Each structure stands twice: as C-alpha cells, then as structure tokens.
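Heads up, the thing below is written out as structure tokens.
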Amino acid sequence: MLDKNGIAKRIAKEVKDGYYVNLGIGIPTLVANFVQEDLSVEFQSENGVLGMGPFPFEGDEDADIINAGKQTITTLAGASFFDSATSFGMIRGQHVDLTILGAMEVSENGDIANWKIPGKMVKGMGGAMDLVASAENIIVAMMHTNKAGESKLLKKCTLPLTGVGCVKKIVTNLAVLEVIVGGFKLLERAPGVSIESIRNATSGTLIVEGDVPEMKV
Amino acid sequence: MIRKTVDNVQEALKGVQDGMTFMLGGFGLCGIPENAIAELVRLGIKDLSCISNNAGVDDFGLGLLLQKYQIKKMIASYVGENDEFERQMLSGELDVELTPQGTLAEKCRAAQAGFPAFYTPAGFGTEIAEGKETREFNGKMYVLEKAYKADFSFVKAWKGDVAGNLIFKGTARNLNPCMCGAATITVAEVEELLPAGSLDPNEIHVPGIFVKRIFQGKDYEKRIEQRTVRQRNK
C-alpha cells in the first residue's frame, strides 16, 4: 500500500518532457517533488503563474507570490505572471498538458465530485470545474477509500458533481486505474496489494484483464 | 492626458451606497484592495452584493465586512478559510452564489470587454448549469454564462500613474485586471502612485481607460495565508 508521497511518486512518472502541468491542492502538490530533474516541465497555478518553483527559503517569503493553495512559492527561470482570465484561457484552451487533482468520489464513467458535501462542507469549487471540463488529460490522486472506509470509486457519484465523464486515470494508495467503457480497468497494483483487496475496496465495476503488474515506485 | 487621481480613499469611494454590487480584486488575501475594504467598513453601508474570488478570512479582507453583516450576497469561487462566512451561509443570513473560478474571471472580463455572455464548458452536467442554456459546439457541451453587472470595482495594483495606468506584482495580479472597467466606476488603489511618464507604456498591464479613480494607498498589511518555506542547506 502507498502513502500520499507514494501516490505522488507514481503520478510523477506520468509527467513527460515538455509538459505544462496544473497541480491541485493536497497530494497533487507533492507530485512536483518527484518529477525527474532532467525533464523540462513547467507548473501552472491557476491564480496566475507559470513556472512555479519550490517554497521560498525562510525569510524570503513574498505575500505577492503565492500558488492556488495560497502558499508562498518561488518562480524559476522562464516563469511568467498573468491575470486569472488569461490563466483559465490556458486551461480552457487546452494549452495545459496535464491536470492532477484530488477527489472525494469518482464514478466508473469518469464523473468526479470534489467540491461540496451538502449540509456539511461547502468550500466551493475554485478552479476545479474549469479544469475538469477543459483538460484532456486528467489524473485523479486520492486514497482508494474515505475515512469511514467506504470506497471512493463508485458506480455513480453520490455527491454534487464537479464534472462529467472527464477522469481518465486514477492513482490511489492501492492501484492505478483507467476509466474505460464499462468501468475501472485495473492497470497496476500497489506493492503488496492483491487484486482481491482492490476489488473489495472498489464499489464500481472493476475490470481485470490478464496479469496485473505491481507498480514500480 | 486625462487625470484619474483622487486625494484619498474617501474621495475614491464617493457614491457607494447600500444595496450596491461591488467587484473586489484579489485571490485569497493576495492583491486585495485593503484600503477600499477598510473604508467600506468605516462607512458601514450594507446589503451589499460582492463579487470576489474568495471571502477573506475571519478577521481580514472581506471577512471584515462579513463581521459587520454588511454583505447580503457573496459571489465567489472558494470560501473555505472563513468560519464566520460558513456560519452565515449555513444559517441562511448570507446568500451565496458559488461560481467556477475561470467562469468568475471571464464574467468580469466579459463585462469589461462588452460581451453580454459567453459559452464555457465549466460546470456542464453539474448543479452550476441548472436553469442555464446549454449548447453543443464541435461535439462538446457548453454552458451560457452572463457577464456581471456591478456599480463599483475595487482593485489593487503595485504601481500606477496619474493617468490610471496600472502595473501589478507577482500573483497579486490575479482577478484585478479582469475587474478594471467591468463596473460603472473602477477604483484603483496602488502601493506607489507615480507622475505621468514614469511608467514605460510597454510595461503597462491595465491601460488607464479602464480606471476611473486612482489613489495612493497606505498601510498595506499584505497578510500571508499559508506561509510555506524550505530550510536553507546547512
């Protein structure tokens, strides 16, 4: 089974040379730490920066330079700042190659829910609805089950949707899955995790074909 | 040259009234019009509708107006980080319209640029699209979103000149440029107000035509919401 860093590490392998990447809050943010250093990759944050670098050294924080999680950041050579309409132009116009975000639920037809629990939690969607509706290449990073132990990979989402039919790939603490016609296709198992335990933790249709390799992280 | 300068924040906010709709720039607490917000609190006007990406935190930004119950309706994309906001929303005291961030930015920009509405894929198939016109283009579904209408927009820039030209710093730019010229009256507060000719026309982010009033701001607190740092190598 993977921890959050393990999930991030596995997703980092999906980042290819020349990619512009948008990272959501939470596990996705960790992905930046594991991207191969010899790749030319730029990270976009939807509030209006391209070419994000690591957190600043203590004492160098600048209130005017933050990411979408409101964290203080730095920029790398080649970075740029822009307004939010331009930023979402990059996203909506599909200039961003890969979007990685978290989810509360994903359904087997690729629907995603991650912005609201009616009556309990309403924080808002931020840029998530724009991102999932626009991006061609979306990877969801999340735990396979919620804190109550219930599957987050469902036949149909129960929470208000963020987007429909948009998720293509999911990386969890247990598995790498692809959304295909008919359900979640199991691509890889986390180290030491059996197909049976993945099946038990997946409430939507799990499609298993042939030997499913253990993921390399 | 057309001069846009006013002497102070009181002058800049002349005409604000109960029941008006305001746009306020900023993302989180980054690049928010701190002086305009403080003056709105001092004036005590109420029943306001506010369009802003976030609603501040409990004791800063738009949270200051929420504390005084001056806001009737909040239009935002993300409202975490604010307990008083959540309390007023769940109790029904505050009307809240959550809007995808890119849509919110574009609804401002559309108002600025003279578009009554536009189609976006964001929110299709979700409760955001309920009651809205949808349409297919090239095999993909889009939602019709209308431009905002507002009485004032309050923005904050790094540098400005007396002609109302603006330059922003870092990600404090965010929604500020989209809101300039998107309301009947745009008020810009700047950290540094400069004489005409001091700013290179090549470097201007927002041309002065979109700004009605500009003033030298003061006492910027520039609070950091999430101070994240790394250790220096030993």
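We name chains A, B, ... following the order of the structure tokens; residues begin at 1 in each chain, and ligands are numbered from 1 as shown.
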
Distance table requested - chain A against chain B, cut-off 9 Å, only C-alpha atoms: one row per qualifying residue with the closest atom pair and its distance in Å to one decimal, ordered by chain and rising residue number, as a tab-separated table.
residue	atom	partner	partner_atom	distance
A:Glu46	CA	B:Gly102	CA	8.6
A:Asn47	CA	B:Asn174	CA	5.5
A:Gly48	CA	B:Thr171	CA	5.7
A:Val49	CA	B:Thr171	CA	6.6
A:Pro54	CA	B:Arg230	CA	7.9
A:Phe55	CA	B:Val229	CA	4.9
A:Pro56	CA	B:Val229	CA	5.0
A:Phe57	CA	B:Arg230	CA	5.0
A:Glu58	CA	B:Val229	CA	5.3
A:Gly59	CA	B:Val229	CA	8.3
A:Asp60	CA	B:Val229	CA	8.3
A:Glu61	CA	B:Val229	CA	7.3
A:Asp62	CA	B:Ile224	CA	8.2
A:Ala63	CA	B:Ile224	CA	5.4
A:Asp64	CA	B:Ala172	CA	5.1
A:Ile65	CA	B:Thr171	CA	5.2
A:Ile66	CA	B:Thr171	CA	6.3
A:Asn67	CA	B:Thr171	CA	7.9
A:Ala68	CA	B:Phe27	CA	8.2
A:Gly69	CA	B:Gln226	CA	7.9
A:Lys70	CA	B:Gln226	CA	5.7
A:Gln71	CA	B:Gln226	CA	4.6
A:Thr72	CA	B:Thr228	CA	5.4
A:Ile73	CA	B:Thr228	CA	7.3
A:Ser80	CA	B:Gly170	CA	8.5
A:Phe81	CA	B:Gly170	CA	5.9
A:Phe82	CA	B:Arg173	CA	6.7
A:Asp83	CA	B:Asn174	CA	4.5
A:Ser84	CA	B:Asn174	CA	4.9
A:Ala85	CA	B:Ala105	CA	5.2
A:Thr86	CA	B:Ala105	CA	8.9
A:Ser87	CA	B:Gly102	CA	8.0
A:Phe88	CA	B:Gly102	CA	5.2
A:Gly89	CA	B:Gly102	CA	8.1
A:Ile91	CA	B:Gly102	CA	8.8
A:Arg92	CA	B:Pro121	CA	7.9
A:Gly119	CA	B:Leu90	CA	7.7
A:Lys120	CA	B:Leu90	CA	9.0
A:Met121	CA	B:Glu86	CA	8.8
A:Val122	CA	B:Gly80	CA	7.6
A:Lys123	CA	B:Gly80	CA	4.6
A:Gly124	CA	B:Tyr78	CA	4.3
A:Met125	CA	B:Ser77	CA	6.0
A:Gly126	CA	B:Ser77	CA	4.6
A:Gly127	CA	B:Gln101	CA	4.7
A:Ala128	CA	B:Pro100	CA	7.2
A:Met129	CA	B:Ala122	CA	5.2
A:Asp130	CA	B:Ala122	CA	4.5
A:Leu131	CA	B:Ala122	CA	7.6
A:Val132	CA	B:Ala122	CA	7.6
A:Ala133	CA	B:Ala122	CA	5.1
A:Ser134	CA	B:Pro121	CA	6.6
A:Pro160	CA	B:Thr126	CA	7.0
A:Leu161	CA	B:Thr126	CA	5.3
A:Thr162	CA	B:Thr126	CA	6.3
A:Gly163	CA	B:Gly123	CA	6.3
A:Val164	CA	B:Gly125	CA	6.1

Who sits within 12 Å of Met20 of chain B, only C-alpha atoms, same chain under 4 positions skipped, as number ranges by chain: B: 15-16, 40, 45-51, 70-73, 149-153, 183-185

Backbone DSSP call of alpha helix (DSSP H) for segment 3-129 of chain A, listed as a list of chain:residue names: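 DSSP-assigned alpha helix (DSSP H) residues in segment 3-129 of chain A: A:Lys4, A:Asn5, A:Gly6, A:Ile7, A:Ala8, A:Lys9, A:Arg10, A:Ile11, A:Ala12, A:Ile27, A:Pro28, A:Thr29, A:Leu30, A:Val31, A:Ser84, A:Ala85, A:Thr86, A:Ser87, A:Phe88, A:Gly89, A:Met90, A:Ile91, A:Arg92, A:Ala128, A:Met129.
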
For Asp111 of chain A: contacts at 12 Å, only C-alpha atoms, fewer than 2 positions along chain excluded, given as a VMD selection string: (chain A and resid 103 to 109 113 to 114 129 132 to 133 138 140 152 to 170 179 183 to 184) or (chain B and resid 123 to 126)

Can you spit out the residues from that selection as a short mmCIF file (atom, residue, chain, number, x, y, z; two decimals), in the first residue's frame, using N, CA and C atoms?
data_model
loop_
_atom_site.label_atom_id
_atom_site.label_comp_id
_atom_site.auth_asym_id
_atom_site.auth_seq_id
_atom_site.Cartn_x
_atom_site.Cartn_y
_atom_site.Cartn_z
N ALA A 103 -9.94 14.12 -5.31
CA ALA A 103 -11.38 13.90 -5.46
C ALA A 103 -11.95 13.26 -4.21
N MET A 104 -13.22 13.50 -3.97
CA MET A 104 -13.94 12.81 -2.90
C MET A 104 -14.55 11.53 -3.46
N GLU A 105 -15.02 11.61 -4.70
CA GLU A 105 -15.61 10.45 -5.38
C GLU A 105 -15.30 10.51 -6.88
N VAL A 106 -15.14 9.33 -7.47
CA VAL A 106 -15.04 9.22 -8.93
C VAL A 106 -15.97 8.08 -9.33
N SER A 107 -16.70 8.26 -10.42
CA SER A 107 -17.58 7.19 -10.86
C SER A 107 -16.98 6.47 -12.06
N GLU A 108 -17.52 5.27 -12.34
CA GLU A 108 -16.90 4.43 -13.37
C GLU A 108 -17.05 4.98 -14.78
N ASN A 109 -17.87 6.03 -14.96
CA ASN A 109 -17.93 6.68 -16.28
C ASN A 109 -17.09 7.96 -16.31
N ALA A 113 -16.48 14.20 -8.20
CA ALA A 113 -17.10 15.08 -7.20
C ALA A 113 -16.02 15.46 -6.20
N ASN A 114 -15.81 16.74 -6.02
CA ASN A 114 -14.78 17.15 -5.06
C ASN A 114 -14.97 18.56 -4.50
N MET A 129 -13.85 23.06 -11.50
CA MET A 129 -14.84 22.80 -12.57
C MET A 129 -14.29 23.20 -13.94
N VAL A 132 -11.56 20.42 -14.87
CA VAL A 132 -12.01 19.09 -15.30
C VAL A 132 -12.83 19.15 -16.59
N ALA A 133 -13.50 20.29 -16.82
CA ALA A 133 -14.31 20.41 -18.04
C ALA A 133 -13.44 20.65 -19.27
N ILE A 138 -6.50 14.18 -17.48
CA ILE A 138 -6.74 14.43 -16.06
C ILE A 138 -6.38 13.18 -15.26
N VAL A 140 -6.55 11.71 -11.38
CA VAL A 140 -7.04 11.93 -10.02
C VAL A 140 -6.09 11.23 -9.05
N LYS A 152 -14.21 5.15 -2.69
CA LYS A 152 -14.39 6.42 -3.38
C LYS A 152 -14.51 6.21 -4.88
N LEU A 153 -14.39 4.94 -5.30
CA LEU A 153 -14.56 4.60 -6.72
C LEU A 153 -15.91 3.92 -6.87
N LEU A 154 -16.86 4.66 -7.40
CA LEU A 154 -18.26 4.25 -7.36
C LEU A 154 -18.84 4.00 -8.74
N LYS A 155 -20.00 3.34 -8.70
CA LYS A 155 -20.78 3.17 -9.92
C LYS A 155 -21.26 4.55 -10.37
N LYS A 156 -21.76 5.29 -9.38
CA LYS A 156 -22.30 6.62 -9.64
C LYS A 156 -21.96 7.50 -8.44
N CYS A 157 -21.55 8.73 -8.68
CA CYS A 157 -21.20 9.62 -7.57
C CYS A 157 -22.45 9.96 -6.76
N THR A 158 -22.31 10.08 -5.45
CA THR A 158 -23.44 10.47 -4.61
C THR A 158 -23.39 11.96 -4.29
N LEU A 159 -22.21 12.55 -4.34
CA LEU A 159 -22.05 13.97 -4.02
C LEU A 159 -22.28 14.83 -5.27
N PRO A 160 -22.55 16.14 -5.09
CA PRO A 160 -22.72 17.02 -6.25
C PRO A 160 -21.47 16.97 -7.15
N LEU A 161 -21.70 16.87 -8.44
CA LEU A 161 -20.60 16.67 -9.37
C LEU A 161 -19.78 17.94 -9.61
N THR A 162 -18.51 17.72 -9.92
CA THR A 162 -17.62 18.80 -10.35
C THR A 162 -17.54 18.79 -11.87
N GLY A 163 -17.59 17.59 -12.44
CA GLY A 163 -17.55 17.46 -13.89
C GLY A 163 -18.03 16.08 -14.30
N VAL A 164 -18.45 15.96 -15.55
CA VAL A 164 -18.98 14.67 -16.03
C VAL A 164 -18.05 14.04 -17.07
N GLY A 165 -17.87 12.73 -16.93
CA GLY A 165 -17.13 11.96 -17.93
C GLY A 165 -15.75 12.50 -18.27
N CYS A 166 -15.04 12.99 -17.28
CA CYS A 166 -13.78 13.67 -17.59
C CYS A 166 -12.54 12.96 -17.08
N VAL A 167 -12.67 12.12 -16.07
CA VAL A 167 -11.49 11.48 -15.48
C VAL A 167 -11.06 10.29 -16.34
N LYS A 168 -9.76 10.24 -16.64
CA LYS A 168 -9.24 9.15 -17.46
C LYS A 168 -8.42 8.17 -16.62
N LYS A 169 -7.71 8.71 -15.66
CA LYS A 169 -6.80 7.87 -14.88
C LYS A 169 -6.89 8.22 -13.40
N ILE A 170 -6.74 7.20 -12.56
CA ILE A 170 -6.81 7.40 -11.11
C ILE A 170 -5.63 6.67 -10.48
N VAL A 179 -10.18 4.76 -16.59
CA VAL A 179 -11.63 4.74 -16.81
C VAL A 179 -11.87 4.35 -18.26
N GLY A 183 -16.23 0.48 -16.93
CA GLY A 183 -15.76 0.52 -15.55
C GLY A 183 -14.32 0.96 -15.39
N PHE A 184 -13.79 0.62 -14.20
CA PHE A 184 -12.40 0.97 -13.87
C PHE A 184 -11.50 -0.19 -14.27
N GLY B 123 -18.64 23.39 -15.59
CA GLY B 123 -19.90 23.21 -14.86
C GLY B 123 -20.97 22.47 -15.62
N PHE B 124 -20.71 22.11 -16.89
CA PHE B 124 -21.74 21.37 -17.62
C PHE B 124 -22.02 20.04 -16.91
N GLY B 125 -23.31 19.73 -16.77
CA GLY B 125 -23.69 18.48 -16.12
C GLY B 125 -23.68 18.55 -14.60
N THR B 126 -23.39 19.75 -14.05
CA THR B 126 -23.37 19.91 -12.59
C THR B 126 -24.50 20.87 -12.18
#

All strand (DSSP E or B) residues (DSSP, backbone) inside segment 62-192 of chain B, as JSON, numbers by chain: {"B": [71, 72, 73, 74, 75, 76, 95, 96, 97, 98, 117, 118, 119, 120, 134, 135, 136, 137, 140, 141, 142, 143, 144, 145, 146, 152, 153, 154, 155, 156, 157, 158, 159, 160, 161, 166, 167, 185, 186, 187, 188, 189, 190, 191, 192]}

Store the residues of this selection in a file with N, CA and C atoms, as a short mmCIF file (atom, residue, chain, number, x, y, z; two decimals), in the first residue's frame.
data_model
loop_
_atom_site.label_atom_id
_atom_site.label_comp_id
_atom_site.auth_asym_id
_atom_site.auth_seq_id
_atom_site.Cartn_x
_atom_site.Cartn_y
_atom_site.Cartn_z
N ILE B 71 -22.59 42.44 4.12
CA ILE B 71 -22.77 41.74 2.85
C ILE B 71 -24.05 40.91 2.88
N LYS B 72 -24.87 41.10 1.85
CA LYS B 72 -26.12 40.36 1.72
C LYS B 72 -25.91 39.15 0.83
N LYS B 73 -25.12 39.37 -0.22
CA LYS B 73 -24.88 38.30 -1.18
C LYS B 73 -23.40 38.24 -1.56
N MET B 74 -22.88 37.02 -1.56
CA MET B 74 -21.48 36.83 -1.92
C MET B 74 -21.38 35.94 -3.15
N ILE B 75 -20.67 36.43 -4.15
CA ILE B 75 -20.42 35.63 -5.35
C ILE B 75 -18.92 35.33 -5.35
N ALA B 76 -18.56 34.05 -5.27
CA ALA B 76 -17.16 33.68 -5.11
C ALA B 76 -16.95 32.28 -5.67
N ASP B 95 -26.59 35.14 1.36
CA ASP B 95 -26.89 34.49 0.09
C ASP B 95 -25.56 34.24 -0.62
N VAL B 96 -25.33 33.00 -1.04
CA VAL B 96 -24.03 32.67 -1.65
C VAL B 96 -24.21 32.07 -3.03
N GLU B 97 -23.47 32.60 -3.98
CA GLU B 97 -23.50 32.05 -5.34
C GLU B 97 -22.09 31.61 -5.68
N LEU B 98 -21.88 30.28 -5.64
CA LEU B 98 -20.54 29.76 -5.95
C LEU B 98 -20.42 29.59 -7.46
N ALA B 117 -22.49 37.76 -22.79
CA ALA B 117 -22.46 36.38 -22.30
C ALA B 117 -21.44 35.60 -23.11
N PHE B 118 -21.14 34.41 -22.64
CA PHE B 118 -20.20 33.55 -23.36
C PHE B 118 -20.48 32.09 -23.01
N TYR B 119 -20.00 31.19 -23.83
CA TYR B 119 -20.15 29.76 -23.54
C TYR B 119 -18.87 29.20 -22.94
N THR B 120 -19.02 28.41 -21.90
CA THR B 120 -17.86 27.75 -21.29
C THR B 120 -18.23 26.30 -20.98
N THR B 134 -27.71 25.56 -22.46
CA THR B 134 -26.51 24.81 -22.84
C THR B 134 -26.54 24.58 -24.35
N ARG B 135 -25.38 24.37 -24.91
CA ARG B 135 -25.31 24.21 -26.36
C ARG B 135 -24.08 23.39 -26.75
N GLU B 136 -24.23 22.65 -27.83
CA GLU B 136 -23.13 21.83 -28.30
C GLU B 136 -22.34 22.57 -29.38
N PHE B 137 -21.03 22.56 -29.23
CA PHE B 137 -20.14 23.06 -30.29
C PHE B 137 -19.11 21.97 -30.56
N LYS B 140 -18.93 19.01 -28.17
CA LYS B 140 -18.73 19.20 -26.74
C LYS B 140 -19.80 20.14 -26.20
N MET B 141 -20.21 19.92 -24.96
CA MET B 141 -21.29 20.72 -24.38
C MET B 141 -20.76 21.92 -23.59
N TYR B 142 -21.47 23.03 -23.75
CA TYR B 142 -21.08 24.28 -23.11
C TYR B 142 -22.28 24.92 -22.40
N VAL B 143 -21.97 25.75 -21.41
CA VAL B 143 -22.99 26.44 -20.62
C VAL B 143 -22.90 27.93 -20.93
N LEU B 144 -24.07 28.57 -21.11
CA LEU B 144 -24.07 30.01 -21.37
C LEU B 144 -24.00 30.76 -20.03
N GLU B 145 -22.98 31.57 -19.89
CA GLU B 145 -22.79 32.35 -18.67
C GLU B 145 -22.84 33.83 -19.03
N LYS B 146 -23.52 34.61 -18.19
CA LYS B 146 -23.69 36.04 -18.49
C LYS B 146 -22.64 36.91 -17.80
N PHE B 152 -19.44 49.31 -8.66
CA PHE B 152 -18.04 49.70 -8.46
C PHE B 152 -17.16 48.47 -8.57
N SER B 153 -15.96 48.63 -9.08
CA SER B 153 -14.98 47.58 -8.86
C SER B 153 -13.79 48.21 -8.15
N PHE B 154 -13.31 47.49 -7.15
CA PHE B 154 -12.18 47.94 -6.33
C PHE B 154 -11.00 47.03 -6.60
N VAL B 155 -9.92 47.61 -7.13
CA VAL B 155 -8.76 46.80 -7.44
C VAL B 155 -7.53 47.39 -6.76
N LYS B 156 -6.53 46.54 -6.66
CA LYS B 156 -5.27 46.95 -6.02
C LYS B 156 -4.13 46.61 -6.96
N ALA B 157 -3.28 47.62 -7.24
CA ALA B 157 -2.11 47.40 -8.09
C ALA B 157 -0.84 47.78 -7.34
N TRP B 158 0.27 47.40 -7.93
CA TRP B 158 1.58 47.69 -7.32
C TRP B 158 1.96 49.15 -7.63
N LYS B 159 2.04 49.45 -8.92
CA LYS B 159 2.35 50.81 -9.34
C LYS B 159 1.25 51.34 -10.24
N GLY B 160 1.01 52.63 -10.17
CA GLY B 160 0.05 53.25 -11.07
C GLY B 160 0.51 54.66 -11.35
N ASP B 161 0.00 55.24 -12.41
CA ASP B 161 0.33 56.65 -12.64
C ASP B 161 -0.95 57.48 -12.65
N LEU B 166 -1.90 50.86 -14.84
CA LEU B 166 -1.57 50.01 -13.70
C LEU B 166 -0.56 48.93 -14.05
N ILE B 167 0.30 48.64 -13.06
CA ILE B 167 1.22 47.51 -13.14
C ILE B 167 1.07 46.71 -11.84
N ILE B 185 -17.99 52.22 -12.12
CA ILE B 185 -16.84 53.01 -11.66
C ILE B 185 -15.75 52.07 -11.14
N THR B 186 -14.56 52.19 -11.71
CA THR B 186 -13.43 51.37 -11.25
C THR B 186 -12.50 52.23 -10.41
N VAL B 187 -12.25 51.76 -9.20
CA VAL B 187 -11.37 52.47 -8.28
C VAL B 187 -10.10 51.64 -8.08
N ALA B 188 -8.96 52.22 -8.40
CA ALA B 188 -7.69 51.51 -8.21
C ALA B 188 -6.90 52.14 -7.08
N GLU B 189 -6.45 51.30 -6.17
CA GLU B 189 -5.53 51.79 -5.13
C GLU B 189 -4.17 51.18 -5.43
N VAL B 190 -3.12 51.97 -5.24
CA VAL B 190 -1.78 51.49 -5.62
C VAL B 190 -0.78 51.71 -4.49
N GLU B 191 0.23 50.84 -4.48
CA GLU B 191 1.27 50.99 -3.47
C GLU B 191 2.14 52.19 -3.78
N GLU B 192 2.23 52.50 -5.07
CA GLU B 192 3.09 53.59 -5.48
C GLU B 192 2.42 54.35 -6.62
#

Non-local contacts of Gly210 of chain A (12 Å; only C-alpha atoms; under 5 positions in same chain excluded) as a list in words: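 In the requested form, the answer reads Lys185, Leu186, Leu187, Glu188 and Ile195 of chain A.
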
12 Å contact set for Ser194 of chain A, only C-alpha atoms, chain neighbours under 4 positions out, as a PyMOL selection string: chain A and resi 1+174-175+186+188-190+198-201+208+211-215

For all heavy atoms, I'd like the residues from the last selection saved as a compact mmCIF listing (two decimals), in the first residue's frame.
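File out-v9.txt, as written:
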# COMPACT_ATOMS: atom_id res chain seq x y z
N MET A 1 0.84 -1.20 0.00
CA MET A 1 0.00 0.00 0.00
C MET A 1 0.88 1.25 0.00
O MET A 1 1.92 1.27 0.63
CB MET A 1 -0.90 0.00 1.24
CG MET A 1 -2.13 0.85 1.07
SD MET A 1 -3.01 1.09 2.61
CE MET A 1 -3.45 -0.60 3.05
N LEU A 174 -3.86 2.11 -3.44
CA LEU A 174 -3.92 0.68 -3.76
C LEU A 174 -3.61 0.35 -5.21
O LEU A 174 -3.16 -0.77 -5.51
CB LEU A 174 -5.32 0.12 -3.44
CG LEU A 174 -5.86 0.28 -2.02
CD1 LEU A 174 -7.22 -0.39 -1.91
CD2 LEU A 174 -4.88 -0.30 -1.01
N ALA A 175 -3.92 1.28 -6.12
CA ALA A 175 -3.87 0.89 -7.53
C ALA A 175 -3.78 2.06 -8.50
O ALA A 175 -4.02 3.21 -8.13
CB ALA A 175 -5.14 0.09 -7.85
N LEU A 186 -8.17 -2.10 -14.09
CA LEU A 186 -7.02 -2.15 -13.19
C LEU A 186 -5.73 -2.26 -14.00
O LEU A 186 -5.53 -3.25 -14.72
CB LEU A 186 -7.17 -3.35 -12.23
CG LEU A 186 -6.09 -3.51 -11.16
CD1 LEU A 186 -6.01 -2.28 -10.26
CD2 LEU A 186 -6.35 -4.76 -10.33
N GLU A 188 -2.39 -1.30 -12.58
CA GLU A 188 -1.27 -1.70 -11.72
C GLU A 188 -1.75 -1.83 -10.28
O GLU A 188 -2.69 -1.15 -9.87
CB GLU A 188 -0.16 -0.62 -11.75
CG GLU A 188 0.49 -0.42 -13.09
CD GLU A 188 1.41 0.80 -13.11
OE1 GLU A 188 1.94 1.19 -12.05
OE2 GLU A 188 1.59 1.38 -14.19
N ARG A 189 -1.10 -2.71 -9.54
CA ARG A 189 -1.38 -2.86 -8.11
C ARG A 189 -0.26 -2.18 -7.33
O ARG A 189 0.89 -2.21 -7.75
CB ARG A 189 -1.38 -4.35 -7.73
CG ARG A 189 -2.46 -5.18 -8.36
CD ARG A 189 -2.28 -6.66 -8.03
NE ARG A 189 -1.11 -7.25 -8.69
CZ ARG A 189 -0.04 -7.73 -8.06
NH1 ARG A 189 0.03 -7.71 -6.73
NH2 ARG A 189 0.98 -8.24 -8.73
N ALA A 190 -0.61 -1.58 -6.18
CA ALA A 190 0.43 -1.03 -5.31
C ALA A 190 1.22 -2.19 -4.74
O ALA A 190 0.69 -3.30 -4.63
CB ALA A 190 -0.20 -0.21 -4.20
N ILE A 198 -8.15 -4.95 -3.79
CA ILE A 198 -8.54 -3.80 -4.61
C ILE A 198 -10.03 -3.94 -4.97
O ILE A 198 -10.80 -2.98 -4.91
CB ILE A 198 -7.68 -3.70 -5.90
CG1 ILE A 198 -6.21 -3.42 -5.51
CG2 ILE A 198 -8.21 -2.62 -6.83
CD1 ILE A 198 -5.22 -3.60 -6.63
N ARG A 199 -10.41 -5.16 -5.31
CA ARG A 199 -11.81 -5.41 -5.66
C ARG A 199 -12.72 -5.07 -4.49
O ARG A 199 -13.76 -4.42 -4.64
CB ARG A 199 -12.00 -6.88 -6.07
CG ARG A 199 -13.25 -7.11 -6.91
CD ARG A 199 -13.47 -8.57 -7.21
NE ARG A 199 -12.49 -9.16 -8.12
CZ ARG A 199 -12.50 -8.99 -9.44
NH1 ARG A 199 -13.42 -8.23 -10.01
NH2 ARG A 199 -11.59 -9.56 -10.21
N ASN A 200 -12.29 -5.48 -3.29
CA ASN A 200 -13.10 -5.21 -2.09
C ASN A 200 -13.23 -3.72 -1.80
O ASN A 200 -14.21 -3.28 -1.20
CB ASN A 200 -12.48 -5.91 -0.87
CG ASN A 200 -12.66 -7.42 -0.95
OD1 ASN A 200 -13.56 -7.91 -1.64
ND2 ASN A 200 -11.80 -8.14 -0.25
N ALA A 201 -12.22 -2.95 -2.20
CA ALA A 201 -12.24 -1.51 -1.89
C ALA A 201 -12.85 -0.69 -3.02
O ALA A 201 -12.91 0.53 -2.95
CB ALA A 201 -10.80 -1.04 -1.61
N VAL A 208 -10.61 -6.49 -14.67
CA VAL A 208 -9.27 -7.08 -14.53
C VAL A 208 -9.01 -7.96 -15.75
O VAL A 208 -9.77 -8.89 -16.00
CB VAL A 208 -9.15 -7.91 -13.24
CG1 VAL A 208 -7.73 -8.45 -13.08
CG2 VAL A 208 -9.55 -7.08 -12.03
N ASP A 211 -2.66 -10.61 -16.38
CA ASP A 211 -1.82 -10.35 -15.21
C ASP A 211 -1.76 -8.85 -14.97
O ASP A 211 -1.52 -8.07 -15.88
CB ASP A 211 -0.40 -10.86 -15.45
CG ASP A 211 -0.33 -12.37 -15.23
OD1 ASP A 211 -1.24 -12.90 -14.56
OD2 ASP A 211 0.61 -13.00 -15.75
N VAL A 212 -1.97 -8.45 -13.72
CA VAL A 212 -1.88 -7.04 -13.39
C VAL A 212 -0.56 -6.81 -12.66
O VAL A 212 -0.35 -7.33 -11.57
CB VAL A 212 -3.07 -6.60 -12.51
CG1 VAL A 212 -2.94 -5.13 -12.15
CG2 VAL A 212 -4.39 -6.86 -13.24
N PRO A 213 0.34 -6.06 -13.27
CA PRO A 213 1.65 -5.88 -12.65
C PRO A 213 1.62 -5.03 -11.38
O PRO A 213 0.70 -4.23 -11.19
CB PRO A 213 2.47 -5.18 -13.74
CG PRO A 213 1.45 -4.47 -14.56
CD PRO A 213 0.20 -5.29 -14.52
N GLU A 214 2.63 -5.23 -10.57
CA GLU A 214 2.79 -4.39 -9.39
C GLU A 214 3.46 -3.09 -9.86
O GLU A 214 4.34 -3.14 -10.70
CB GLU A 214 3.68 -5.12 -8.38
CG GLU A 214 3.51 -4.64 -6.97
CD GLU A 214 4.14 -5.59 -5.96
OE1 GLU A 214 5.33 -5.39 -5.68
OE2 GLU A 214 3.45 -6.51 -5.47
N MET A 215 3.01 -1.96 -9.32
CA MET A 215 3.60 -0.71 -9.80
C MET A 215 5.02 -0.52 -9.27
O MET A 215 5.38 -1.02 -8.22
CB MET A 215 2.73 0.50 -9.46
CG MET A 215 2.44 0.73 -8.01
SD MET A 215 1.53 2.30 -7.77
CE MET A 215 -0.14 1.75 -7.54

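Atom CA of Leu94 of chain B is found 17.1 Å from atom CA of Val41 of chain B.
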
Distance in Å - atom CA of Ala196 of chain B versus atom CA of Ala111 of chain B: 27.6 Å
